[in-house]
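Presented below is the structure to which this report refers.
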Amino acid sequence: MVERGGMDFLHTRFRRRGFVAVVLSIAGLVFLAGCGRKASIGRLSEGAVVVAFGDSLTRGTGAAEGADYPSVLARLSGLEVVNAGVPGERAAEGLRRLSSVLERHQPQLVILCHGGNDILASASDEAIAAELGRMIETIREAGADVVLIGVPKRGLVLRSAAFYAEVAERFGVPYEEDVVADVLSTASLKSDYVHPNEKGYAMIADAVWKLVRGSQR
């Protein structure tokens, strides 16, 4: 038989355990909510300018004029989409060019797809990621939002280089991870080893537009 003092001790102990359990449950819910929070961009205003910034994947190498993904995106969205892609450009060169593009076009949103030529040149992941991070900082300093498109590394199975997801998470930007790798893994969607054809660029534009629409707050 437990005496009254012992019963009081047990009740106090169970109350404390219950309180701790509630606190831990709430903390767990807050943590899960934070993990599930999607990166977002501001709602695009009527007449907003969008800049697609990158290299030959943005310019549309391998497809006829007007079949590049920024042109297709403009038709899908009804927005002005500026094609600011330069074939062969490395990320460091793009960073040097970026400020003048932002100043000229004053975009509300920049779609960033860069680093593919650095990957082909076997530049380090850390170096490419650092340049992409500086681009995102430059874009935000100009008052624009950013979405990021991943580019695959070479291999038997194409997947976007892991550092793209890491950059997207670090800076909290919406990220399209799969579409370029999916296109370049499909012979009927390519014009050559590293460039889409018209169907491939259309697929990229569709995926980017879905990302942009779904990320607006």
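In the structure tokens, chains take letters A, B, ... by order of appearance, with residues numbered from 1 within each chain and ligands from 1 in the order shown.
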
How would you write, as an NGL selection string, the set of residues in segment 64-214 of chain A that DSSP gives as alpha helix (DSSP H)? :A and (69-77 or 91-105 or 116-120 or 125-141 or 162-171 or 179-184 or 198-214)

Just want the 12 Å neighbourhood of Val179 of chain A, counted on only C-alpha atoms, with same-chain residues fewer than 2 positions away dropped. Output as a ChimeraX atom specification. /A:69,113,148-152,158-160,175-177,181-186,189,196,200-211

For Glu65 of chain A, which residue among A:Asn197, A:Val86, A:Ala127, A:Leu102 is the nearest when counting only C-alpha atoms?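 The closest residue to Glu65 of chain A is A:Asn197.
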
For Glu131 of chain A, please output as a PyMOL selection string all residues within 12 Å (counting only C-alpha atoms; exclusion window: fewer than 4 positions along the same chain). chain A and resi 90-96+98+112+114-115+118+123-127+135-138+163-164+167

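Ranking A:Lys190, A:Asn83, A:Asn117, A:His105 by their shortest atom-to-atom distance to Lys153 of chain A, with only C-alpha atoms included, puts A:Asn117 first.
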
Could you tell me how far atom CA of Ile111 of chain A sits from atom CA of Ala52 of chain A, in Å to one decimal place?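 Straight-line distance from atom CA of Ala52 of chain A to atom CA of Ile111 of chain A works out to 4.7 Å.
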
What is the distance, in Å and to one decimal place, between atom CA of Ser188 of chain A and atom CA of Ser56 of chain A? 18.9 Å

So what do you get for atom CA of Phe53 of chain A versus atom CA of Val180 of chain A, distance-wise?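 Separation of atom CA of Phe53 of chain A and atom CA of Val180 of chain A: 15.0 Å.
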
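Close contacts of Glu103 of chain A, defined as residues with an atom at most 12 Å away when counting only C-alpha atoms, with chain neighbours fewer than 2 positions off set aside, comprise Val51, Arg97, Leu98, Ser99, Ser100, Val101, His105, Gln106, Pro107, Gln108, Thr138, Ile139, Glu141, Ala142, Gly143 and Ala144 of chain A.
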
Writing out the chosen residues with all heavy atoms as an mmCIF file, in the first residue's frame:
```cif
data_model
loop_
_atom_site.group_PDB
_atom_site.id
_atom_site.type_symbol
_atom_site.label_atom_id
_atom_site.label_comp_id
_atom_site.auth_asym_id
_atom_site.auth_seq_id
_atom_site.Cartn_x
_atom_site.Cartn_y
_atom_site.Cartn_z
ATOM 1 N N VAL A 51 13.024 37.412 -66.539
ATOM 2 C CA VAL A 51 14.287 37.182 -67.252
ATOM 3 C C VAL A 51 14.688 35.717 -67.075
ATOM 4 O O VAL A 51 14.769 35.216 -65.952
ATOM 5 C CB VAL A 51 15.407 38.102 -66.740
ATOM 6 C CG1 VAL A 51 16.777 37.587 -67.198
ATOM 7 C CG2 VAL A 51 15.202 39.522 -67.239
ATOM 8 N N ARG A 97 28.076 39.313 -65.958
ATOM 9 C CA ARG A 97 27.097 39.875 -66.902
ATOM 10 C C ARG A 97 25.771 40.212 -66.228
ATOM 11 O O ARG A 97 24.998 41.046 -66.722
ATOM 12 C CB ARG A 97 26.874 38.844 -68.021
ATOM 13 C CG ARG A 97 25.881 39.237 -69.083
ATOM 14 C CD ARG A 97 25.902 38.230 -70.228
ATOM 15 N NE ARG A 97 25.491 36.889 -69.843
ATOM 16 C CZ ARG A 97 24.241 36.426 -69.967
ATOM 17 N NH1 ARG A 97 23.292 37.220 -70.435
ATOM 18 N NH2 ARG A 97 23.957 35.182 -69.630
ATOM 19 N N LEU A 98 25.493 39.570 -65.125
ATOM 20 C CA LEU A 98 24.156 39.588 -64.541
ATOM 21 C C LEU A 98 23.654 40.981 -64.168
ATOM 22 O O LEU A 98 22.507 41.339 -64.459
ATOM 23 C CB LEU A 98 24.144 38.675 -63.307
ATOM 24 C CG LEU A 98 22.828 38.556 -62.541
ATOM 25 C CD1 LEU A 98 21.695 38.093 -63.449
ATOM 26 C CD2 LEU A 98 23.001 37.593 -61.365
ATOM 27 N N SER A 99 24.477 41.772 -63.534
ATOM 28 C CA SER A 99 24.026 43.084 -63.058
ATOM 29 C C SER A 99 23.511 43.966 -64.187
ATOM 30 O O SER A 99 22.494 44.656 -64.041
ATOM 31 C CB SER A 99 25.156 43.793 -62.304
ATOM 32 O OG SER A 99 25.452 43.129 -61.100
ATOM 33 N N SER A 100 24.200 43.944 -65.320
ATOM 34 C CA SER A 100 23.763 44.774 -66.450
ATOM 35 C C SER A 100 22.434 44.290 -67.015
ATOM 36 O O SER A 100 21.592 45.094 -67.434
ATOM 37 C CB SER A 100 24.829 44.792 -67.547
ATOM 38 O OG SER A 100 25.038 43.481 -68.066
ATOM 39 N N VAL A 101 22.208 42.972 -67.003
ATOM 40 C CA VAL A 101 20.930 42.422 -67.464
ATOM 41 C C VAL A 101 19.803 42.859 -66.529
ATOM 42 O O VAL A 101 18.722 43.282 -66.972
ATOM 43 C CB VAL A 101 20.998 40.886 -67.548
ATOM 44 C CG1 VAL A 101 19.619 40.292 -67.825
ATOM 45 C CG2 VAL A 101 21.982 40.454 -68.626
ATOM 46 N N HIS A 105 16.587 45.332 -67.696
ATOM 47 C CA HIS A 105 15.223 44.797 -67.841
ATOM 48 C C HIS A 105 14.355 44.951 -66.590
ATOM 49 O O HIS A 105 13.138 44.798 -66.697
ATOM 50 C CB HIS A 105 15.293 43.317 -68.235
ATOM 51 C CG HIS A 105 15.938 43.088 -69.561
ATOM 52 N ND1 HIS A 105 15.341 43.429 -70.762
ATOM 53 C CD2 HIS A 105 17.156 42.553 -69.886
ATOM 54 C CE1 HIS A 105 16.140 43.106 -71.760
ATOM 55 N NE2 HIS A 105 17.248 42.583 -71.260
ATOM 56 N N GLN A 106 14.942 45.204 -65.433
ATOM 57 C CA GLN A 106 14.181 45.412 -64.192
ATOM 58 C C GLN A 106 13.147 44.304 -63.976
ATOM 59 O O GLN A 106 11.953 44.559 -63.825
ATOM 60 C CB GLN A 106 13.487 46.778 -64.240
ATOM 61 C CG GLN A 106 14.423 47.960 -64.373
ATOM 62 C CD GLN A 106 15.258 48.188 -63.114
ATOM 63 O OE1 GLN A 106 14.729 48.266 -62.012
ATOM 64 N NE2 GLN A 106 16.563 48.266 -63.287
ATOM 65 N N PRO A 107 13.567 43.058 -63.941
ATOM 66 C CA PRO A 107 12.599 41.963 -63.848
ATOM 67 C C PRO A 107 11.997 41.822 -62.455
ATOM 68 O O PRO A 107 12.605 42.216 -61.450
ATOM 69 C CB PRO A 107 13.437 40.726 -64.182
ATOM 70 C CG PRO A 107 14.811 41.086 -63.689
ATOM 71 C CD PRO A 107 14.957 42.553 -63.986
ATOM 72 N N GLN A 108 10.809 41.243 -62.405
ATOM 73 C CA GLN A 108 10.221 40.847 -61.125
ATOM 74 C C GLN A 108 10.677 39.440 -60.738
ATOM 75 O O GLN A 108 10.727 39.102 -59.562
ATOM 76 C CB GLN A 108 8.690 40.894 -61.204
ATOM 77 C CG GLN A 108 7.998 40.639 -59.869
ATOM 78 C CD GLN A 108 6.496 40.767 -59.958
ATOM 79 O OE1 GLN A 108 5.963 41.384 -60.888
ATOM 80 N NE2 GLN A 108 5.785 40.188 -59.013
ATOM 81 N N THR A 138 22.785 38.583 -55.970
ATOM 82 C CA THR A 138 22.749 39.743 -56.854
ATOM 83 C C THR A 138 21.336 40.010 -57.342
ATOM 84 O O THR A 138 20.886 41.163 -57.397
ATOM 85 C CB THR A 138 23.689 39.520 -58.056
ATOM 86 O OG1 THR A 138 25.024 39.331 -57.588
ATOM 87 C CG2 THR A 138 23.660 40.703 -59.007
ATOM 88 N N ILE A 139 20.634 38.957 -57.700
ATOM 89 C CA ILE A 139 19.253 39.097 -58.175
ATOM 90 C C ILE A 139 18.357 39.660 -57.074
ATOM 91 O O ILE A 139 17.553 40.572 -57.299
ATOM 92 C CB ILE A 139 18.721 37.735 -58.658
ATOM 93 C CG1 ILE A 139 19.461 37.302 -59.933
ATOM 94 C CG2 ILE A 139 17.214 37.795 -58.929
ATOM 95 C CD1 ILE A 139 19.295 35.830 -60.275
ATOM 96 N N GLU A 141 19.262 41.418 -54.465
ATOM 97 C CA GLU A 141 19.649 42.803 -54.191
ATOM 98 C C GLU A 141 19.016 43.766 -55.192
ATOM 99 O O GLU A 141 18.768 44.932 -54.866
ATOM 100 C CB GLU A 141 21.168 42.935 -54.225
ATOM 101 C CG GLU A 141 21.857 42.313 -53.019
ATOM 102 C CD GLU A 141 23.355 42.211 -53.187
ATOM 103 O OE1 GLU A 141 23.868 42.679 -54.237
ATOM 104 O OE2 GLU A 141 24.029 41.658 -52.281
ATOM 105 N N ALA A 142 18.733 43.266 -56.400
ATOM 106 C CA ALA A 142 18.071 44.085 -57.419
ATOM 107 C C ALA A 142 16.551 44.109 -57.242
ATOM 108 O O ALA A 142 15.852 44.747 -58.024
ATOM 109 C CB ALA A 142 18.426 43.563 -58.813
ATOM 110 N N GLY A 143 16.039 43.388 -56.233
ATOM 111 C CA GLY A 143 14.615 43.413 -55.933
ATOM 112 C C GLY A 143 13.784 42.382 -56.659
ATOM 113 O O GLY A 143 12.557 42.472 -56.683
ATOM 114 N N ALA A 144 14.435 41.373 -57.255
ATOM 115 C CA ALA A 144 13.707 40.344 -58.004
ATOM 116 C C ALA A 144 13.708 39.030 -57.242
ATOM 117 O O ALA A 144 14.584 38.763 -56.413
ATOM 118 C CB ALA A 144 14.333 40.145 -59.382
#
```

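The smallest atom-to-atom distance between Leu73 of chain A and any of A:Leu156, A:Val50, A:Gly88, A:Gly116, using only C-alpha atoms, is found for A:Val50.
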